[in-house]
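Novice: One structure, pasted below without further comment.
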Amino acid sequence: MADRKPIQSWLTDMDGVLIHEGVPIPGADSFLKKLRESGKPFLVLTNNSIYTPRDLHARLRRMGLDVPIENIWTSALATAQFLDDQRPDGSAYVIGEAGLTTALHDIGYILTDHEPDYVVLGETRTYSFEAMTKAVRLINDGARFICTNPDETGPSTEGPLPATGAVAALITKATGKQPYFAGKPNPLMMRTGLNAIGAHSETSAMIGDRMDTDVLAGMEAGMQTFLVLTGLTRPDQVDGFPYRPSQVVDSIADLVDRI
């Protein structure tokens, strides 16, 4: 295998890499501090579309992690960028929270339930039967079906919660229409993120805790990939996948000296 070029920019997942259940993972603060001091382009990514980058900046800061707003990239932002490229100044019926509605407002989209171009499904803790019924009828009437991310469950202190992928499956069953997922593992999220910071995949790396989203998306986008073992994928599961990360490390602390 040919030697890879030196890493000049970094993309890292948030949950399971930098934080776990609202607590910073040891080494996360050192990693972020060194990234900021290096001047290298970087992004913190999340498939969660509930929060705006400003919200996430504030939440991370309360945990002692300083991530500038412009260095946060969400599936909601990737979805908005995709829709802006596909159909500028369009319209959408949205099921989601402020992270998604704000991203769509910012690209000039009209949010409506009257003959929208798209039905856009994102993460929310208040999925309603009425909203899902409206989405089904609009899709049956010709609206295109877009989802921020395919995650079927999300974490909570009480246990797993149904997430975007699970609700998307319900709507698909009712309409026969499969959605287009903008978030990980779609490499689109990686590529739009790289474009946002002016980086190139050949000299970029993706850090994640999941083989089936983070590592897969990074690999398909042409980046080096690092799997950390502080999240969902366990060491004994790695060999079960038909692809491998560039390197497996115990935690983000092991990558501080790579910057």
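The way I read the labels, and the way they are meant: chains A, B, ... in the order of the structure tokens, residue 1 as the first residue of every chain, and ligand 1 as the first ligand shown, with later ones counted on from there.
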Would you mind listing what lies within 12 Å of region 155-170 of chain A as JSON, numbers by chain, with only C-alpha atoms counted and same-chain residues fewer than 3 positions away left out?
Specialist: {"A": [15, 16, 20, 21, 22, 47, 48, 49, 50, 75, 95, 96, 97, 119, 120, 121, 122, 123, 124, 125, 126, 127, 128, 129, 131, 132, 133, 135, 136, 139, 145, 146, 147, 148, 149, 150, 151, 152, 173, 174, 175, 176, 177, 178, 179, 180, 181, 182, 183, 184, 231, 232]}
Novice: Compile the contact shell of Asp89 (chain A) as a ChimeraX atom specification: residues with an atom at most 12 Å away, counting only C-alpha atoms, same-chain residues fewer than 6 positions apart removed.
Specialist: /A:80-81,83,104-111,116-118
Novice: Go ahead and save the residues from that selection, with N, CA, C and O atoms, as a compact mmCIF listing (two decimals), in the first residue's frame.
Specialist:
# COMPACT_ATOMS: atom_id res chain seq x y z
N ALA A 80 -29.13 20.53 4.75
CA ALA A 80 -29.43 21.84 4.17
C ALA A 80 -28.53 22.13 2.98
O ALA A 80 -28.99 22.64 1.95
N GLN A 81 -27.25 21.80 3.10
CA GLN A 81 -26.31 22.03 2.00
C GLN A 81 -26.72 21.20 0.77
O GLN A 81 -26.71 21.69 -0.37
N LEU A 83 -29.79 20.11 0.00
CA LEU A 83 -31.02 20.65 -0.58
C LEU A 83 -30.75 21.96 -1.33
O LEU A 83 -31.35 22.22 -2.37
N LEU A 104 -32.36 25.04 7.56
CA LEU A 104 -33.14 25.22 6.34
C LEU A 104 -33.55 26.68 6.14
O LEU A 104 -33.54 27.19 5.02
N HIS A 105 -33.89 27.37 7.23
CA HIS A 105 -34.17 28.81 7.13
C HIS A 105 -32.95 29.55 6.59
O HIS A 105 -33.06 30.46 5.76
N ASP A 106 -31.77 29.16 7.06
CA ASP A 106 -30.54 29.86 6.69
C ASP A 106 -30.21 29.73 5.20
O ASP A 106 -29.46 30.56 4.67
N ILE A 107 -30.71 28.70 4.53
CA ILE A 107 -30.47 28.58 3.09
C ILE A 107 -31.63 29.13 2.27
O ILE A 107 -31.65 29.00 1.04
N GLY A 108 -32.58 29.75 2.96
CA GLY A 108 -33.69 30.40 2.25
C GLY A 108 -34.86 29.50 1.95
O GLY A 108 -35.70 29.84 1.09
N TYR A 109 -34.97 28.36 2.64
CA TYR A 109 -36.09 27.45 2.39
C TYR A 109 -37.35 27.94 3.09
O TYR A 109 -37.30 28.53 4.18
N ILE A 110 -38.50 27.69 2.45
CA ILE A 110 -39.80 27.96 3.04
C ILE A 110 -40.28 26.68 3.71
O ILE A 110 -40.29 25.62 3.08
N LEU A 111 -40.66 26.77 4.97
CA LEU A 111 -41.17 25.60 5.69
C LEU A 111 -42.70 25.64 5.63
O LEU A 111 -43.32 26.59 6.13
N PRO A 116 -45.12 20.96 -0.50
CA PRO A 116 -43.67 21.18 -0.38
C PRO A 116 -42.89 20.35 -1.40
O PRO A 116 -43.36 19.31 -1.86
N ASP A 117 -41.69 20.85 -1.72
CA ASP A 117 -40.80 20.07 -2.60
C ASP A 117 -40.31 18.81 -1.88
O ASP A 117 -40.13 17.77 -2.50
N TYR A 118 -40.09 18.93 -0.57
CA TYR A 118 -39.53 17.83 0.21
C TYR A 118 -40.27 17.63 1.53
O TYR A 118 -40.80 18.60 2.10
Novice: Compare A:Thr203, A:Thr230, A:Gln247, A:Thr213 by their minimum atom-to-atom distance to Pro24 (chain A), counting only C-alpha atoms, and give me the closest one.
Specialist: A:Thr230
Novice: Excluding Ala221 (chain A) and any residue of its chain fewer than 4 positions from it, enumerate the residues within 12 Å of it, using only C-alpha atoms, and give them as a count of residues only.
Specialist: 26
Novice: May I have all residues of region 3-249 of chain A that DSSP, computed from the backbone, assigns to alpha helix (DSSP H), given as a PyMOL selection string?
Specialist: chain A and resi 28-38+53-62+75-86+98-106+129-140+164-175+187-196+216-220
Novice: Just give me the gap between CA of Arg62 (chain A) and CA of Gln8 (chain A) in Å, one decimal is fine.
Specialist: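 Computing the Euclidean distance for CA of Arg62 (chain A) and CA of Gln8 (chain A) yields 28.5 Å.
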Novice: Looking at only C-alpha atoms, which of A:Pro245, A:Ala98, A:Thr172, A:Asp209 is the one that sits closest to Gly222 (chain A)?
Specialist: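 Between A:Pro245, A:Ala98, A:Thr172, A:Asp209, the residue approaching Gly222 (chain A) most closely is A:Pro245.
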Novice: Just the residues within 7 Å of Asp250 (chain A), please, counting only C-alpha atoms, with nothing from its chain fewer than 4 positions along; format it as a short mmCIF file (atom, residue, chain, number, x, y, z; two decimals) with N, CA, C and O atoms, in the first residue's frame.
Specialist:
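Output saved as part_18.cif:
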data_model
loop_
_atom_site.label_atom_id
_atom_site.label_comp_id
_atom_site.auth_asym_id
_atom_site.auth_seq_id
_atom_site.Cartn_x
_atom_site.Cartn_y
_atom_site.Cartn_z
N VAL A 228 -11.82 4.68 17.68
CA VAL A 228 -11.54 4.71 19.12
C VAL A 228 -12.48 3.72 19.81
O VAL A 228 -13.60 3.48 19.35
N LEU A 229 -12.01 3.14 20.90
CA LEU A 229 -12.77 2.08 21.58
C LEU A 229 -13.50 2.59 22.81
O LEU A 229 -13.72 1.86 23.77
N THR A 230 -13.90 3.87 22.78
CA THR A 230 -14.60 4.48 23.91
C THR A 230 -16.10 4.63 23.64
O THR A 230 -16.81 5.28 24.41
N ASP A 254 -4.87 8.92 22.58
CA ASP A 254 -3.77 8.31 21.82
C ASP A 254 -3.46 9.05 20.54
O ASP A 254 -2.48 8.72 19.86
#
Novice: Might you pull out every residue within 6 Å of Ser9 (chain A), with only C-alpha atoms counted and same-chain residues fewer than 5 positions away left off, and present them as a ChimeraX atom specification?
Specialist: /A:40-42,204
Novice: For each of A:Gly27, A:Gly218, A:Pro242, A:Gly154, take the minimum atom-to-atom distance to Thr12 (chain A), counting only C-alpha atoms, then give the residue where this is smallest.
Specialist: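 When distances to Thr12 (chain A) are compared using only C-alpha atoms, the smallest one comes from A:Gly218.
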Novice: Can you pull out the residues contacting Glu70 (chain A)? Cut-off 12 Å, using only C-alpha atoms, and skip same-chain residues under 4 positions away; I want them as JSON, numbers by chain.
Specialist: {"A": [41, 42, 43, 44, 45, 52, 53, 54, 56, 57, 66, 74, 77, 193, 196, 197]}
Novice: Among the residues of region 18-76 of chain A, find those DSSP assigns to strand (DSSP E) from the backbone and print them as a list in words.
Specialist: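 After running DSSP on the backbone, region 18-76 of chain A has strand (DSSP E) at Ile19, His20, Val23, Pro24, Phe42, Leu43, Val44, Leu45, Thr46, Ile72, Trp73 and Thr74 of chain A.
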Novice: As an exercise, work out the distance from CA of Val67 (chain A) to CA of Thr79 (chain A) in Å and give it to one decimal place.
Specialist: 21.5 Å
Novice: So how far away is CA of Val238 (chain A) from CA of Lys34 (chain A), in Å?
Specialist: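 Going from CA of Lys34 (chain A) over to CA of Val238 (chain A), I get 28.6 Å.
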